[in-house]
>>> print(open('coords-v3.pdb').read())   # PDB, C-alpha atoms, pLDDT in the B column
ATOM      1  CA  MET A  33     225.780  12.574 229.342  1.00 51.00           C
ATOM      2  CA  LYS A  34     222.019  12.146 229.618  1.00 57.00           C
ATOM      3  CA  ILE A  35     221.023  15.814 229.629  1.00 56.00           C
ATOM      4  CA  PHE A  36     221.856  16.417 225.958  1.00 48.00           C
ATOM      5  CA  PRO A  37     219.253  13.961 224.535  1.00 48.00           C
ATOM      6  CA  ILE A  38     216.572  15.382 226.818  1.00 48.00           C
ATOM      7  CA  VAL A  39     217.337  18.974 225.834  1.00 43.00           C
ATOM      8  CA  PHE A  40     217.509  18.044 222.147  1.00 43.00           C
ATOM      9  CA  LEU A  41     214.193  16.192 222.250  1.00 41.00           C
ATOM     10  CA  THR A  42     212.590  19.103 224.082  1.00 44.00           C
ATOM     11  CA  LEU A  43     213.770  21.572 221.435  1.00 45.00           C
ATOM     12  CA  VAL A  44     212.656  19.348 218.563  1.00 44.00           C
ATOM     13  CA  SER A  45     209.242  18.594 220.051  1.00 44.00           C
ATOM     14  CA  SER A  46     208.611  22.248 220.887  1.00 46.00           C
ATOM     15  CA  GLY A  47     209.406  23.307 217.335  1.00 48.00           C
ATOM     16  CA  ALA A  48     212.236  25.603 218.426  1.00 49.00           C
ATOM     17  CA  LEU A  49     214.681  24.037 215.981  1.00 48.00           C
ATOM     18  CA  TYR A  50     212.087  23.628 213.246  1.00 45.00           C
ATOM     19  CA  ALA A  51     211.029  27.263 213.313  1.00 45.00           C
ATOM     20  CA  GLN A  52     214.491  28.479 212.421  1.00 55.00           C
ATOM     21  CA  ASP A  53     215.445  25.855 209.844  1.00 69.00           C
ATOM     22  CA  GLN A  54     212.346  24.930 207.881  1.00 90.00           C
ATOM     23  CA  PRO A  55     209.643  27.302 206.700  1.00 96.00           C
ATOM     24  CA  PRO A  56     206.040  26.271 207.304  1.00 97.00           C
ATOM     25  CA  ALA A  57     204.178  24.957 204.267  1.00 94.00           C
ATOM     26  CA  LYS A  58     202.133  28.160 203.822  1.00 96.00           C
ATOM     27  CA  GLU A  59     205.312  30.271 203.684  1.00 97.00           C
ATOM     28  CA  VAL A  60     205.554  29.633 199.947  1.00 95.00           C
ATOM     29  CA  THR A  61     202.604  32.006 199.435  1.00 95.00           C
ATOM     30  CA  CYS A  62     204.252  34.738 201.527  1.00 97.00           C
ATOM     31  CA  ARG A  63     207.530  34.261 199.691  1.00 96.00           C
ATOM     32  CA  ALA A  64     205.928  35.306 196.408  1.00 95.00           C
ATOM     33  CA  CYS A  65     205.792  38.936 197.616  1.00 97.00           C
ATOM     34  CA  HIS A  66     208.050  39.110 200.684  1.00 97.00           C
ATOM     35  CA  GLY A  67     210.942  37.017 199.345  1.00 97.00           C
ATOM     36  CA  ALA A  68     212.784  34.042 200.786  1.00 94.00           C
ATOM     37  CA  GLY A  69     212.837  34.179 204.572  1.00 96.00           C
ATOM     38  CA  GLY A  70     210.800  37.387 204.372  1.00 97.00           C
ATOM     39  CA  ALA A  71     214.001  39.300 203.680  1.00 97.00           C
ATOM     40  CA  ALA A  72     213.670  40.360 200.033  1.00 96.00           C
ATOM     41  CA  PRO A  73     210.302  41.959 199.229  1.00 97.00           C
ATOM     42  CA  LEU A  74     209.337  42.089 195.567  1.00 96.00           C
ATOM     43  CA  ALA A  75     208.349  45.760 195.753  1.00 96.00           C
ATOM     44  CA  ALA A  76     209.545  48.687 197.844  1.00 94.00           C
ATOM     45  CA  ASN A  77     206.163  49.063 199.566  1.00 94.00           C
ATOM     46  CA  TYR A  78     206.087  45.424 200.735  1.00 96.00           C
ATOM     47  CA  PRO A  79     207.550  45.055 204.233  1.00 96.00           C
ATOM     48  CA  LYS A  80     210.355  42.756 205.255  1.00 97.00           C
ATOM     49  CA  LEU A  81     209.056  40.049 207.573  1.00 98.00           C
ATOM     50  CA  ASN A  82     212.341  38.632 208.809  1.00 98.00           C
ATOM     51  CA  GLY A  83     213.142  39.504 212.396  1.00 97.00           C
ATOM     52  CA  GLN A  84     209.738  41.074 213.074  1.00 98.00           C
ATOM     53  CA  ASN A  85     208.218  40.634 216.515  1.00 98.00           C
ATOM     54  CA  LYS A  86     206.178  37.421 216.649  1.00 98.00           C
ATOM     55  CA  ASP A  87     203.251  38.970 218.524  1.00 98.00           C
ATOM     56  CA  TYR A  88     203.079  41.803 215.992  1.00 98.00           C
ATOM     57  CA  LEU A  89     202.979  39.348 213.071  1.00 98.00           C
ATOM     58  CA  VAL A  90     200.253  37.271 214.735  1.00 98.00           C
ATOM     59  CA  SER A  91     198.204  40.393 215.456  1.00 98.00           C
ATOM     60  CA  ALA A  92     198.644  41.788 211.927  1.00 98.00           C
ATOM     61  CA  LEU A  93     197.734  38.533 210.187  1.00 98.00           C
ATOM     62  CA  LYS A  94     194.659  38.038 212.371  1.00 98.00           C
ATOM     63  CA  ALA A  95     193.582  41.644 211.705  1.00 98.00           C
ATOM     64  CA  TYR A  96     193.979  41.124 207.954  1.00 98.00           C
ATOM     65  CA  ARG A  97     192.033  37.864 208.183  1.00 98.00           C
ATOM     66  CA  SER A  98     189.149  39.442 210.101  1.00 98.00           C
ATOM     67  CA  GLY A  99     189.069  42.558 207.914  1.00 97.00           C
ATOM     68  CA  ASP A 100     189.924  44.833 210.849  1.00 98.00           C
ATOM     69  CA  ARG A 101     193.124  46.081 209.228  1.00 97.00           C
ATOM     70  CA  LYS A 102     192.484  48.625 206.479  1.00 95.00           C
ATOM     71  CA  GLY A 103     194.517  50.755 204.094  1.00 93.00           C
ATOM     72  CA  GLY A 104     197.582  50.156 201.988  1.00 91.00           C
ATOM     73  CA  LEU A 105     197.609  46.661 200.584  1.00 93.00           C
ATOM     74  CA  SER A 106     195.123  45.308 203.110  1.00 96.00           C
ATOM     75  CA  ALA A 107     192.838  43.906 200.398  1.00 96.00           C
ATOM     76  CA  VAL A 108     195.690  41.803 199.025  1.00 95.00           C
ATOM     77  CA  MET A 109     196.728  40.651 202.485  1.00 97.00           C
ATOM     78  CA  ALA A 110     193.138  39.915 203.523  1.00 97.00           C
ATOM     79  CA  SER A 111     192.716  37.583 200.558  1.00 96.00           C
ATOM     80  CA  GLN A 112     195.860  35.698 201.602  1.00 96.00           C
ATOM     81  CA  ALA A 113     195.153  35.688 205.340  1.00 97.00           C
ATOM     82  CA  THR A 114     191.639  34.254 205.016  1.00 97.00           C
ATOM     83  CA  ALA A 115     193.220  30.928 204.052  1.00 96.00           C
ATOM     84  CA  LEU A 116     195.268  30.813 207.276  1.00 98.00           C
ATOM     85  CA  SER A 117     194.255  28.995 210.436  1.00 98.00           C
ATOM     86  CA  ASP A 118     195.427  30.161 213.856  1.00 98.00           C
ATOM     87  CA  ALA A 119     198.040  27.389 213.747  1.00 98.00           C
ATOM     88  CA  ASP A 120     199.244  28.590 210.326  1.00 98.00           C
ATOM     89  CA  ILE A 121     199.535  32.156 211.615  1.00 98.00           C
ATOM     90  CA  ASP A 122     201.471  31.040 214.674  1.00 98.00           C
ATOM     91  CA  ALA A 123     203.836  28.922 212.567  1.00 98.00           C
ATOM     92  CA  LEU A 124     204.463  31.754 210.094  1.00 98.00           C
ATOM     93  CA  ALA A 125     205.011  34.302 212.860  1.00 98.00           C
ATOM     94  CA  SER A 126     207.420  31.961 214.655  1.00 98.00           C
ATOM     95  CA  TYR A 127     209.332  31.328 211.455  1.00 98.00           C
ATOM     96  CA  TYR A 128     209.645  34.953 210.350  1.00 98.00           C
ATOM     97  CA  SER A 129     210.499  36.240 213.822  1.00 98.00           C
ATOM     98  CA  SER A 130     213.384  33.771 213.964  1.00 97.00           C
ATOM     99  CA  GLN A 131     214.862  34.787 210.609  1.00 97.00           C
ATOM    100  CA  PRO A 132     217.932  37.055 210.578  1.00 95.00           C
TER     101      PRO A 132
END
>>> encode(input="coords-v3.pdb", output="structure tokens")
Amino acid sequence: MKIFPIVFLTLVSSGALYAQDQPPAKEVTCRACHGAGGAAPLAANYPKLNGQNKDYLVSALKAYRSGDRKGGLSAVMASQATALSDADIDALASYYSSQP
């Protein structure tokens, strides 16, 4: 069956399998407050990230990075988000949106 290798290679090269199995390198910083897989926040006022909508996570992280998002813990998040590139943000959003 020749379709299986093609489908598998497509999934691997697109990152579809990676996003669910392996966290991006910068996830270790997020994990400090949001817990493993974004599912176990350290404090009650820290949101869970697992299962969130990818577009929402991208938008929120970019707003923190630019300083457009204010209130709550935005100062803490802004300091973390400034170190993220667009590729980092996309990888984190893909990872967290795929977590159960």
>>> closest_residue(input="coords-v3.pdb", among="A:Asn85, A:Leu93, A:Ile121, A:Gln54", to="Val108 in chain A", atoms="all atoms listed in the file")
A:Leu93
>>> closest_residue(input="coords-v3.pdb", among="A:Leu81, A:Tyr88, A:Leu124, A:Gly103", to="Gly67 in chain A", atoms="all atoms listed in the file")
A:Leu81
>>> atom_distance(input="coords-v3.pdb", atom1="CA of Tyr128 in chain A", atom2="CA of Asn82 in chain A")
4.8 Å
>>> resolve_selection(input="coords-v3.pdb", expression="the PyMOL selection byres ((chain A and resi 74) around 6)", output="ChimeraX atom specification")
/A:65,73,75
>>> closest_residue(input="coords-v3.pdb", among="A:Gln112, A:Ser130, A:Lys102, A:Ala107", to="Val60 in chain A", atoms="all atoms listed in the file")
A:Gln112
>>> resolve_selection(input="coords-v3.pdb", expression="the PyMOL selection byres ((chain A and resi 117) around 12)", output="PyMOL selection string")
chain A and resi 58+90+93-94+97-98+112-116+118-124
>>> closest_residue(input="coords-v3.pdb", among="A:Asn77, A:Thr61, A:Ser111, A:Ser129", to="Tyr96 in chain A", atoms="all atoms listed in the file")
A:Ser111
>>> residues_around(input="coords-v3.pdb", residues="Lys80 in chain A", least_positions_apart="2", cutoff="8 Å", atoms="all atoms listed in the file", output="ChimeraX atom specification")
/A:66,70-73,78,82
>>> closest_residue(input="coords-v3.pdb", among="A:Arg63, A:Ala95, A:Ser126, A:Pro55", to="Met109 in chain A", atoms="all atoms listed in the file")
A:Ala95
>>> atom_distance(input="coords-v3.pdb", atom1="CA of Ala125 in chain A", atom2="CA of Ala64 in chain A")
16.5 Å
>>> atom_distance(input="coords-v3.pdb", atom1="CA of Gln131 in chain A", atom2="CA of Asp100 in chain A")
26.9 Å
>>> axis_aligned_box(input="coords-v3.pdb", around="range 86-99 of chain A", padding_each_side="6 Å", output="AutoDock Vina command-line options")
--center_x 197.6 --center_y 39.9 --center_z 213.2 --size_x 29.1 --size_y 17.3 --size_z 22.6
